[in-house]
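Novice: So I've got this file, input25.cif, and it contains mmCIF, C-alpha atoms:
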data_data
loop_
_atom_site.label_atom_id
_atom_site.label_comp_id
_atom_site.auth_asym_id
_atom_site.auth_seq_id
_atom_site.Cartn_x
_atom_site.Cartn_y
_atom_site.Cartn_z
CA GLY A 28 0.00 0.00 0.00
CA VAL A 29 0.89 3.64 0.30
CA GLY A 30 1.32 3.81 4.03
CA LEU A 31 5.11 4.19 4.11
CA ASP A 32 6.19 6.90 6.56
CA VAL A 33 9.77 6.50 7.79
CA ARG A 34 12.24 9.01 9.21
CA ALA A 35 15.93 8.10 8.81
CA THR A 36 18.73 9.96 10.54
CA GLY A 37 22.36 9.09 11.26
CA THR A 38 25.53 8.16 9.38
CA ALA A 39 25.82 5.64 6.54
CA THR A 40 28.79 4.24 4.64
CA ILE A 41 28.85 5.11 0.94
CA SER A 42 30.16 1.64 0.08
CA MET A 43 26.54 0.45 0.34
CA ILE A 44 26.01 1.99 -3.11
CA ALA A 45 28.11 -0.82 -4.60
CA LEU A 46 25.29 -3.23 -3.76
CA GLU A 47 22.94 -1.40 -6.14
CA THR A 48 24.92 -1.66 -9.37
CA ALA A 49 26.12 -4.52 -11.55
CA ARG A 50 29.35 -2.67 -12.40
CA GLU A 51 32.50 -3.02 -10.33
CA ILE A 52 32.87 0.27 -8.45
CA ARG A 53 35.04 1.56 -5.62
CA ALA A 54 33.09 3.40 -2.95
CA ALA A 55 34.21 4.87 0.37
CA GLY A 56 33.46 7.69 2.79
CA THR A 57 30.37 8.49 4.82
CA ALA A 58 27.06 10.27 4.41
CA ARG A 59 25.12 12.06 7.15
CA VAL A 60 21.49 11.27 6.51
CA ASN A 61 18.36 13.23 7.41
CA LEU A 62 15.59 11.81 5.26
CA THR A 63 11.87 11.13 5.29
CA LEU A 64 10.53 8.28 3.15
CA THR A 65 6.85 8.24 2.21
CA GLY A 66 4.58 6.63 -0.36
CA ALA A 67 4.92 2.93 -1.19
CA LEU A 68 7.87 0.54 -1.17
CA ASN A 69 7.76 0.28 -4.95
CA ALA A 70 7.43 4.06 -5.39
CA ILE A 71 9.25 5.77 -2.54
CA ALA A 72 9.11 9.56 -2.26
CA THR A 73 12.25 10.88 -0.53
CA SER A 74 12.68 14.29 1.10
CA GLY A 75 15.47 15.73 3.20
CA THR A 76 19.24 15.96 2.82
CA VAL A 77 22.40 13.86 2.65
CA ASP A 78 25.74 15.49 3.50
CA LEU A 79 28.81 13.77 2.06
CA ALA A 80 32.12 13.55 3.94
CA ASP A 81 35.30 12.42 2.13
CA ALA A 82 33.28 10.39 -0.35
CA THR A 83 34.84 8.26 -3.10
CA LEU A 84 32.92 6.75 -6.00
CA ALA A 85 34.86 5.40 -8.99
CA ASP A 86 34.50 2.78 -11.71
CA THR A 87 37.25 0.19 -11.16
CA ASP A 88 37.48 -0.74 -14.86
CA THR A 89 38.06 2.80 -16.11
CA GLY A 90 39.24 4.70 -13.03
CA PHE A 91 36.56 7.26 -13.84
CA GLY A 92 35.29 8.84 -10.64
CA VAL A 93 35.74 11.29 -7.78
CA ALA A 94 37.51 11.07 -4.43
CA GLY A 95 37.39 13.24 -1.31
CA ALA A 96 34.00 14.66 -2.23
CA THR A 97 32.07 16.88 0.16
CA GLY A 98 28.74 18.64 -0.23
CA ARG A 99 25.01 18.28 0.12
CA ILE A 100 22.37 16.43 -1.86
CA ALA A 101 18.79 17.60 -1.31
CA PHE A 102 15.88 15.23 -2.02
CA THR A 103 12.43 16.40 -3.06
CA GLY A 104 10.16 13.47 -3.79
CA ARG A 105 11.65 11.49 -6.67
CA GLN A 106 14.47 13.89 -7.54
CA ALA A 107 17.89 14.57 -6.00
CA THR A 108 19.51 18.01 -6.41
CA ILE A 109 23.26 18.31 -5.98
CA GLN A 110 24.26 21.39 -4.00
CA GLN A 111 27.85 22.59 -3.54
CA LEU A 112 29.42 19.21 -4.32
CA THR A 113 33.21 19.36 -4.73
CA GLY A 114 35.98 16.78 -4.85
CA ARG A 115 39.10 15.76 -6.72
CA LEU A 116 39.82 13.50 -9.66
CA ALA A 117 41.78 10.29 -9.14
CA GLN A 118 44.93 11.61 -10.93
CA GLY A 119 44.64 15.19 -9.71
CA GLY A 120 42.54 18.30 -10.14
CA ASP A 121 39.46 19.81 -8.55
CA ILE A 122 35.93 19.03 -9.68
CA ALA A 123 32.66 20.77 -8.86
CA ALA A 124 29.24 19.34 -9.72
CA SER A 125 25.67 20.57 -9.74
CA GLY A 126 22.37 19.46 -11.21
CA THR A 127 19.64 16.89 -10.69
CA ILE A 128 19.22 13.10 -10.73
CA ASP A 129 15.90 11.27 -11.07
CA ILE A 130 16.37 8.69 -8.32
CA ALA A 131 13.21 6.83 -9.29
CA GLY A 132 14.01 6.51 -13.00
CA ALA A 133 15.63 3.49 -14.61
CA GLY A 134 19.40 3.91 -14.72
CA LEU A 135 19.29 7.14 -12.66
CA PRO A 136 18.56 9.73 -15.40
CA ALA A 137 20.61 12.87 -14.72
CA ASN A 138 21.11 16.44 -15.85
CA LEU A 139 24.45 17.46 -14.39
CA LYS A 140 27.10 20.13 -14.90
CA LEU A 141 30.75 19.42 -14.13
CA ARG A 142 33.69 21.80 -13.98
CA VAL A 143 37.27 20.53 -13.68
CA THR A 144 40.09 22.87 -12.72
CA ASN A 145 43.77 21.94 -13.03
CA GLY A 146 42.94 18.35 -13.85
CA ARG A 147 45.65 15.85 -14.69
CA TYR A 148 45.77 12.73 -16.83
CA ALA A 149 48.67 10.33 -17.42
CA ASP A 150 48.42 6.95 -19.12
CA GLY A 151 51.77 5.79 -17.74
CA ALA A 152 53.29 5.34 -21.20
CA LEU A 153 52.86 8.13 -23.74
CA ILE A 154 50.66 10.97 -22.50
CA ASN A 155 50.93 13.33 -19.55
CA THR A 156 48.67 16.39 -19.53
CA THR A 157 46.91 19.03 -17.46
CA PHE A 158 43.49 20.38 -18.40
CA ASN A 159 40.41 22.42 -17.55
CA ALA A 160 36.95 21.22 -18.53
CA ASP A 161 33.31 22.29 -18.66
CA LEU A 162 31.17 19.20 -19.12
CA ALA A 163 27.55 18.12 -18.96
CA ILE A 164 26.13 14.67 -18.22
CA SER A 165 22.65 13.87 -19.48
CA GLY A 166 20.77 10.60 -19.46
CA PRO A 167 21.10 7.45 -17.31
CA LEU A 168 24.23 7.44 -15.14
CA THR A 169 24.35 3.63 -15.06
CA GLY A 170 23.29 3.22 -18.67
CA SER A 171 23.77 5.10 -21.92
CA GLY A 172 24.11 8.66 -20.59
CA VAL A 173 26.17 11.18 -22.56
CA VAL A 174 29.14 13.25 -21.40
CA SER A 175 29.45 16.36 -23.60
CA GLY A 176 31.29 19.67 -23.52
CA ALA A 177 34.83 21.01 -23.95
CA VAL A 178 38.24 20.20 -22.51
CA ASP A 179 41.08 22.73 -22.85
CA LEU A 180 44.52 21.16 -22.55
CA GLY A 181 47.28 22.90 -20.66
CA ARG A 182 50.87 21.71 -20.86
CA THR A 183 50.80 18.31 -22.54
CA GLU A 184 53.69 15.93 -23.16
CA ILE A 185 53.60 13.06 -25.63
CA GLN A 186 56.76 11.05 -25.06
CA LEU A 187 58.04 8.98 -27.98
CA PRO A 188 60.19 5.88 -27.31
CA ASP A 189 63.97 6.25 -27.05
CA ARG A 190 64.48 4.09 -30.12
CA PHE A 191 62.54 4.01 -33.37
CA GLY A 192 61.42 0.76 -34.87
CA GLY A 193 62.23 -2.67 -33.53
CA ALA A 194 63.13 -6.05 -34.94
CA ALA A 195 62.11 -8.14 -31.92
CA THR A 196 59.76 -11.02 -32.68
CA ALA A 197 57.93 -13.12 -30.13
CA ILE A 198 59.31 -16.65 -29.80
CA ASP A 199 56.91 -19.31 -31.05
CA VAL A 200 56.70 -21.76 -28.12
CA LYS A 201 55.30 -25.27 -28.62
CA HIS A 202 54.15 -27.09 -25.48
CA VAL A 203 55.16 -30.76 -25.57
CA ASN A 204 53.40 -33.40 -23.42
CA ALA A 205 51.17 -30.76 -21.85
CA ALA A 206 48.76 -31.89 -19.15
CA PRO A 207 45.12 -32.49 -20.13
CA GLY A 208 43.13 -29.27 -20.09
CA PHE A 209 46.26 -27.10 -20.38
CA THR A 210 45.65 -23.76 -22.13
CA PRO A 211 48.68 -22.00 -23.67
CA PRO A 212 49.34 -18.54 -22.17
CA LYS A 213 48.83 -16.89 -25.55
CA LEU A 214 45.25 -18.22 -25.72
CA ARG A 215 44.58 -17.29 -22.09
CA GLN A 216 45.72 -13.71 -22.77
CA ALA A 217 43.56 -13.51 -25.90
CA ALA A 218 40.54 -14.76 -23.95
CA ALA A 219 41.20 -12.28 -21.15
CA GLY A 220 41.45 -9.44 -23.69
CA THR A 221 38.13 -10.46 -25.25
CA ALA A 222 36.45 -10.57 -21.85
CA SER A 223 37.87 -7.17 -20.93
CA SER A 224 36.57 -5.68 -24.19
CA ALA A 225 33.14 -7.16 -23.50
CA ARG A 226 33.07 -5.46 -20.09
CA ARG A 227 33.91 -2.07 -21.54
CA GLY A 228 31.06 0.35 -21.46
CA GLY A 229 30.07 3.31 -19.37
CA LEU A 230 28.87 6.74 -20.38
CA ARG A 231 29.02 7.80 -24.02
CA LEU A 232 31.39 10.64 -24.92
CA ASP A 233 30.96 13.71 -27.14
CA VAL A 234 33.77 16.03 -26.07
CA ALA A 235 35.86 18.61 -27.95
CA LEU A 236 39.52 18.42 -26.89
CA SER A 237 41.46 21.62 -27.71
CA ALA A 238 45.14 22.46 -27.39
CA ASN A 239 45.90 26.01 -28.46
CA ARG A 240 49.44 25.93 -27.04
CA GLY A 241 51.83 23.82 -25.01
CA LEU A 242 51.27 20.40 -26.65
CA PHE A 243 54.78 18.98 -26.96
CA VAL A 244 56.03 15.86 -28.69
CA ARG A 245 59.44 14.80 -27.39
CA GLY A 246 61.74 11.82 -27.60
CA PHE A 247 64.55 10.51 -29.82
CA GLY A 248 65.81 14.04 -30.45
CA ILE A 249 62.38 15.48 -31.33
CA ASP A 250 61.25 18.73 -29.74
CA SER A 251 58.00 19.89 -31.33
CA GLU A 252 55.02 22.01 -30.32
CA LEU A 253 51.58 21.50 -31.86
CA GLY A 254 48.01 22.74 -31.55
CA GLY A 255 44.52 21.88 -32.75
CA THR A 256 41.25 20.20 -31.80
CA VAL A 257 40.28 16.53 -31.50
CA ARG A 258 36.79 15.12 -30.96
CA ILE A 259 36.50 12.37 -28.32
CA GLY A 260 33.74 9.82 -28.85
CA GLY A 261 33.13 6.24 -27.79
CA THR A 262 32.53 5.56 -24.11
CA THR A 263 34.34 6.20 -20.83
CA GLY A 264 35.41 2.56 -20.94
CA ASN A 265 36.60 2.71 -24.55
CA PRO A 266 37.23 6.31 -25.68
CA GLN A 267 37.74 6.96 -29.40
CA ALA A 268 39.53 10.05 -30.73
CA ALA A 269 39.21 11.65 -34.19
CA GLY A 270 41.02 14.74 -35.47
CA ALA A 271 44.55 16.11 -35.59
CA PHE A 272 47.02 18.46 -33.98
CA THR A 273 49.25 20.38 -36.40
CA GLN A 274 52.82 21.60 -36.13
CA ARG A 275 53.56 25.06 -34.70
CA ARG A 276 57.33 24.77 -34.44
CA GLY A 277 59.91 22.06 -33.92
CA ARG A 278 63.20 20.38 -34.68
CA ILE A 279 64.86 16.99 -34.43
CA GLU A 280 68.49 16.07 -33.81
CA VAL A 281 69.58 12.79 -35.34
CA LEU A 282 73.13 11.50 -35.92
CA GLY A 283 74.57 14.78 -34.66
CA ARG A 284 72.65 16.91 -37.19
CA ARG A 285 69.77 19.27 -36.54
CA PHE A 286 66.73 19.14 -38.81
CA ASP A 287 64.07 21.87 -38.78
CA PHE A 288 60.54 20.57 -39.17
CA GLN A 289 58.69 21.78 -42.25
CA SER A 290 55.42 20.06 -41.35
CA GLY A 291 54.00 17.81 -38.69
CA THR A 292 50.70 16.33 -37.56
CA LEU A 293 49.43 14.09 -34.80
CA THR A 294 46.37 12.33 -36.19
CA PHE A 295 43.86 10.41 -34.08
CA ALA A 296 41.81 7.87 -35.98
CA GLY A 297 40.20 5.78 -33.27
CA ASP A 298 42.20 4.91 -30.17
CA LEU A 299 44.21 7.33 -28.02
CA ILE A 300 47.60 6.45 -29.57
CA PRO A 301 48.15 9.08 -32.30
CA VAL A 302 49.76 8.55 -35.68
CA VAL A 303 52.73 10.88 -36.19
CA ASP A 304 53.73 12.35 -39.56
CA PHE A 305 56.67 14.76 -39.40
CA ALA A 306 58.97 16.01 -42.14
CA ALA A 307 62.19 17.94 -41.43
CA THR A 308 65.01 19.15 -43.67
CA THR A 309 68.68 20.03 -43.52
CA THR A 310 71.28 20.85 -46.15
CA THR A 311 74.54 19.15 -47.09
CA SER A 312 77.21 20.06 -49.63
CA ASP A 313 75.42 17.85 -52.19
CA GLY A 314 71.82 18.97 -51.70
CA THR A 315 68.90 18.80 -49.31
CA VAL A 316 68.08 15.90 -47.00
CA THR A 317 64.55 15.29 -45.71
CA LEU A 318 63.90 13.23 -42.60
CA ASN A 319 60.45 11.65 -42.25
CA VAL A 320 59.01 10.33 -38.99
CA THR A 321 55.79 8.38 -39.52
CA GLY A 322 53.65 5.75 -37.83
CA PRO A 323 51.97 5.20 -34.45
CA ALA A 324 53.46 7.21 -31.59
CA ASN A 325 54.43 4.06 -29.69
CA ASP A 326 56.32 2.61 -32.70
CA PRO A 327 57.22 5.35 -35.22
CA LYS A 328 59.51 4.83 -38.21
CA ILE A 329 62.22 7.13 -39.55
CA THR A 330 63.36 7.38 -43.18
CA PHE A 331 65.63 9.69 -45.19
CA THR A 332 65.17 11.08 -48.70
CA SER A 333 67.29 13.58 -50.58
CA SER A 334 67.39 15.92 -53.53
CA PRO A 335 69.06 14.79 -55.74
CA ALA A 336 67.87 11.28 -54.89
CA LEU A 337 70.40 8.97 -53.22
CA PRO A 338 70.25 5.58 -51.46
CA GLN A 339 69.77 5.88 -47.71
CA GLU A 340 73.30 4.64 -46.93
CA GLU A 341 74.70 7.43 -49.13
CA ILE A 342 72.48 9.99 -47.42
CA LEU A 343 73.70 8.87 -44.00
CA SER A 344 77.33 8.94 -45.13
CA ARG A 345 77.00 12.50 -46.38
CA LEU A 346 75.20 13.56 -43.22
CA LEU A 347 77.89 12.11 -40.97
CA PHE A 348 81.08 12.64 -42.99
CA ASN A 349 80.10 14.80 -45.96
CA GLN A 350 81.44 12.25 -48.45
CA ALA A 351 80.34 9.20 -50.40
CA VAL A 352 80.11 5.88 -48.60
CA GLY A 353 82.76 4.32 -50.86
CA LYS A 354 85.38 6.85 -49.70
CA LEU A 355 84.99 6.20 -45.98
CA SER A 356 87.89 5.00 -43.85
CA PRO A 357 87.47 1.75 -41.89
CA LEU A 358 86.79 3.76 -38.71
CA GLN A 359 84.21 5.94 -40.46
CA ALA A 360 82.57 2.84 -41.94
CA ALA A 361 82.29 1.33 -38.46
CA GLN A 362 80.74 4.57 -37.19
CA LEU A 363 78.26 4.53 -40.05
CA VAL A 364 77.27 0.94 -39.29
CA ASP A 365 76.79 1.95 -35.65
CA ALA A 366 74.59 4.87 -36.73
CA VAL A 367 72.52 2.55 -38.89
CA ALA A 368 72.16 0.18 -35.93
CA GLN A 369 70.60 3.02 -33.92
CA LEU A 370 67.91 3.26 -36.59
CA THR A 371 67.49 -0.49 -37.23
CA GLY A 372 63.90 -1.34 -38.01
CA ALA A 373 63.27 2.15 -39.36
CA LEU A 374 65.78 2.02 -42.21
CA GLY A 375 65.54 -1.56 -43.33
CA GLY A 376 67.41 -3.32 -40.55
CA THR A 377 70.24 -5.70 -41.38
CA GLY A 378 69.75 -5.22 -45.12
CA LEU A 379 71.01 -1.65 -44.91
CA VAL A 380 73.91 -2.69 -42.68
CA ALA A 381 74.89 -5.28 -45.31
CA ARG A 382 74.79 -2.65 -48.08
CA VAL A 383 77.04 -0.31 -46.04
CA ARG A 384 79.54 -3.12 -45.44
CA GLN A 385 79.50 -4.08 -49.10
CA ALA A 386 80.02 -0.48 -50.21
CA THR A 387 82.96 0.06 -47.86
#
Could you express the structure from this file as structure tokens?
Specialist:
Amino acid sequence: GVGLDVRATGTATISMIALETAREIRAAGTARVNLTLTGALNAIATSGTVDLADATLADTDTGFGVAGATGRIAFTGRQATIQQLTGRLAQGGDIAASGTIDIAGAGLPANLKLRVTNGRYADGALINTTFNADLAISGPLTGSGVVSGAVDLGRTEIQLPDRFGGAATAIDVKHVNAAPGFTPPKLRQAAAGTASSARRGGLRLDVALSANRGLFVRGFGIDSELGGTVRIGGTTGNPQAAGAFTQRRGRIEVLGRRFDFQSGTLTFAGDLIPVVDFAATTTTSDGTVTLNVTGPANDPKITFTSSPALPQEEILSRLLFNQAVGKLSPLQAAQLVDAVAQLTGALGGTGLVARVRQAT
């Protein structure tokens, strides 16, 4: 029936929220409760307030969430209004939230505004950035809600690997006399990756990511600054980026020579690992040499071209010693082979080393 009339006061642990969702979440902190529940058990009307103290609520799969949150949530019937709610993001930065949540609707439909100040994101491999953001969340929080708005990047570092290319190949292991039911590690890893992909989900994304200054690409002698806008789509569990950042200025030092970039782009075409495409030039006594850096940021390739056109071993010889490869001394030839070894995988690997040895 409709005879529910309960007054609830006291302190509750926020970890109880984890019991109400199928997703794996991390919840901590306390809430001071002063609520009145009326209506029926299947249609509860809630009024009163909940004050949060050092609250944490984060998705364990994605790390998306807030820690150290304080503020008040006011309840009026079937709606919750967030008042003065502030906290910090997991990797750094302050966040403030306001808006409403329909606590009786399926999936907790929401209309929220979020502001992030001095936020920080690092993926532990390539990207380290600071940012400010003005975002909105609309739709079900535990379903297909949408995060939209704008993120302005501050100082951002994209760190390339110390070496370009790589000739390493995984060893093909055959398991002999394996026990019944044994699953090779390669298959276990593939199955785990498939299961992880199946779990990915979360809120949908429609966010403009802008970097007007201070987006740096560094590593392997590169020092470049770019700017532009990228659109982030997908979901919080599987973000997808589309767009490009273009070169503002930059240079690269390779084999003791400095090349000035003529063009450069970081293009995102799906995942968060960008594709780099840089071209830089320098002059020698015989002409102009162009260095090209292309490929995914975690495994870029480097190649040389020249005008007039020359084989790459000749280009390297002129860059290092300003003379043809056939005129090198034994010591210079050894130095050239060593230089090629630094770029193995990007310049053709052992085939180029063999050509240098043959020519000298």
Novice: Would you kindly return, as a ChimeraX atom specification, each protein, DNA or RNA residue with an atom no farther than 12 Å from any atom of Leu242 (chain A), considering all atoms listed in the file and excluding same-chain residues fewer than 3 positions away?
Specialist: /A:154-158,179-186,236-239,245,250-256,271-277,292-293
Novice: Taking into account all atoms listed in the file, which residue in the set A:Val203, A:Phe288, A:Gly314, A:Gln350 is nearest to Ser333 (chain A)?
Specialist: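 For Ser333 (chain A), the nearest of the given residues is A:Gly314.
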Novice: With a distance cut-off of 8 Å and only C-alpha atoms, select the neighbouring residues of Ala39 (chain A), excluding the residue or stretch itself and same-chain residues fewer than 5 positions from it, and output the selection as a PyMOL selection string.
Specialist: chain A and resi 57-60
Novice: Applying the PyMOL selection byres ((chain A and resi 113) around 8) to the file I just gave you, which residues come out? Please list them as a compact mmCIF listing (two decimals) with C-alpha atoms, in the frame of the given file.
Specialist:
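The result, written out as out36.txt:
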# COMPACT_ATOMS: atom_id res chain seq x y z
CA ALA A 96 34.00 14.66 -2.23
CA THR A 97 32.07 16.88 0.16
CA GLY A 98 28.74 18.64 -0.23
CA GLN A 111 27.85 22.59 -3.54
CA LEU A 112 29.42 19.21 -4.32
CA GLY A 114 35.98 16.78 -4.85
CA ARG A 115 39.10 15.76 -6.72
CA ASP A 121 39.46 19.81 -8.55
CA ILE A 122 35.93 19.03 -9.68
CA ALA A 123 32.66 20.77 -8.86
CA ALA A 124 29.24 19.34 -9.72
Novice: Compare A:Ala94, A:Val29, A:Leu84, A:Ala101 by their minimum atom-to-atom distance to Gly119 (chain A), counting all atoms listed in the file, and give me the closest one.
Specialist: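 Residue with the minimum atom-to-atom distance to Gly119 (chain A): A:Ala94.
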Novice: Taking the file as shown, what set of residues would the PyMOL selection byres ((chain A and resi 76) around 6) give back, as a ChimeraX atom specification?
Specialist: /A:61,75,77,100-102
Novice: Identify which of the residues A:Val244, A:Ile329, A:Ala351, A:Leu153 lies closest to Gly291 (chain A), counting all atoms listed in the file when measuring atom-to-atom distances.
Specialist: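 The closest residue to Gly291 (chain A) is A:Val244.
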Novice: Just want the 6 Å neighbourhood of Thr73 (chain A), counted on all atoms listed in the file, with same-chain residues fewer than 2 positions away dropped. Output as an NGL selection string.
Specialist: :A and (63-64 or 102 or 104)
Novice: The selected residues should be written to file as a JSON list (two decimals), in the frame of the given file (atoms: C-alpha atoms).
Specialist:
[["chain", "number", "residue", "atom", "x", "y", "z"],
["A", 63, "THR", "CA", 11.87, 11.13, 5.29],
["A", 64, "LEU", "CA", 10.53, 8.28, 3.15],
["A", 102, "PHE", "CA", 15.88, 15.23, -2.02],
["A", 104, "GLY", "CA", 10.16, 13.47, -3.79]]
Novice: To one decimal in Å, tell me the separation between CA of Arg99 (chain A) and CA of Asp81 (chain A).
Specialist: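 Answer for the CA of Arg99 (chain A) to CA of Asp81 (chain A) separation: 12.0 Å.
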Novice: With a distance cut-off of 10 Å and only C-alpha atoms, select the neighbouring residues of Phe348 (chain A), excluding the residue or stretch itself and same-chain residues fewer than 4 positions from it, and output the selection as a list in words.
Specialist: Leu343, Ser344, Val352, Lys354, Leu355, Gln359, Ala360, Gln362 and Leu363 of chain A
Novice: Grab all the atoms of region 115-128 of chain A that the file lists, wrap them in a box along x, y and z, add 6 Å per side, and give me centre plus edge lengths in Å (one decimal) as lines of an AutoDock Vina configuration file.
Specialist:
center_x = 32.1
center_y = 15.5
center_z = -9.0
size_x = 37.7
size_y = 22.5
size_z = 16.5
Novice: Taking into account only C-alpha atoms, which residue in the set A:Ala269, A:Ile259, A:Ala72, A:Leu299 is nearest to Ala152 (chain A)?
Specialist: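 Checking each candidate against Ala152 (chain A), we get A:Leu299 as the closest.
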Novice: Between A:Gly297, A:Gly66, A:Pro327, A:Pro335, which residue has the minimum interatomic distance to Thr310 (chain A), considering only C-alpha atoms?
Specialist: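 Closest residue, counting only C-alpha atoms: A:Pro335.
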Novice: Can you patch up region 28-43 of chain A, filling it in to N, CA, C and O atoms, and show the result as a CSV table (one decimal), in the coordinates of the input?
Specialist:
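See part_32.csv below for the written result:
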chain,number,residue,atom,x,y,z
A,28,GLY,N,0.8,-1.2,0.0
A,28,GLY,CA,0.0,0.0,0.0
A,28,GLY,C,0.9,1.3,0.0
A,28,GLY,O,2.0,1.2,-0.3
A,29,VAL,N,0.2,2.3,0.3
A,29,VAL,CA,0.9,3.6,0.3
A,29,VAL,C,1.1,4.2,1.7
A,29,VAL,O,1.2,5.4,1.9
A,30,GLY,N,1.2,3.3,2.7
A,30,GLY,CA,1.3,3.8,4.0
A,30,GLY,C,2.7,4.0,4.5
A,30,GLY,O,2.9,4.1,5.8
A,31,LEU,N,3.7,4.0,3.7
A,31,LEU,CA,5.1,4.2,4.1
A,31,LEU,C,5.3,5.6,4.7
A,31,LEU,O,5.0,6.6,4.1
A,32,ASP,N,5.9,5.6,5.9
A,32,ASP,CA,6.2,6.9,6.6
A,32,ASP,C,7.3,6.7,7.5
A,32,ASP,O,7.1,6.3,8.7
A,33,VAL,N,8.6,6.8,7.0
A,33,VAL,CA,9.8,6.5,7.8
A,33,VAL,C,10.7,7.7,7.8
A,33,VAL,O,10.9,8.4,6.8
A,34,ARG,N,11.2,8.0,9.0
A,34,ARG,CA,12.2,9.0,9.2
A,34,ARG,C,13.6,8.3,9.5
A,34,ARG,O,13.7,7.5,10.3
A,35,ALA,N,14.6,8.7,8.7
A,35,ALA,CA,15.9,8.1,8.8
A,35,ALA,C,16.9,9.2,9.1
A,35,ALA,O,17.1,10.1,8.3
A,36,THR,N,17.7,9.0,10.2
A,36,THR,CA,18.7,10.0,10.5
A,36,THR,C,19.9,9.2,11.0
A,36,THR,O,19.8,8.0,11.5
A,37,GLY,N,21.1,9.8,10.8
A,37,GLY,CA,22.4,9.1,11.3
A,37,GLY,C,23.4,9.1,10.2
A,37,GLY,O,23.4,10.0,9.3
A,38,THR,N,24.4,8.2,10.3
A,38,THR,CA,25.5,8.2,9.4
A,38,THR,C,25.6,6.8,8.7
A,38,THR,O,25.4,5.8,9.3
A,39,ALA,N,25.8,6.9,7.4
A,39,ALA,CA,25.8,5.6,6.5
A,39,ALA,C,27.1,5.6,5.8
A,39,ALA,O,27.7,6.6,5.4
A,40,THR,N,27.6,4.4,5.5
A,40,THR,CA,28.8,4.2,4.6
A,40,THR,C,28.4,4.2,3.2
A,40,THR,O,27.4,3.6,2.8
A,41,ILE,N,29.2,5.0,2.4
A,41,ILE,CA,28.8,5.1,0.9
A,41,ILE,C,29.1,3.8,0.2
A,41,ILE,O,28.6,3.6,-0.9
A,42,SER,N,29.9,2.9,0.8
A,42,SER,CA,30.2,1.6,0.1
A,42,SER,C,28.9,0.8,-0.1
A,42,SER,O,28.9,-0.1,-1.0
A,43,MET,N,27.8,1.2,0.6
A,43,MET,CA,26.5,0.4,0.3
A,43,MET,C,26.0,0.6,-1.1
A,43,MET,O,25.3,-0.2,-1.6
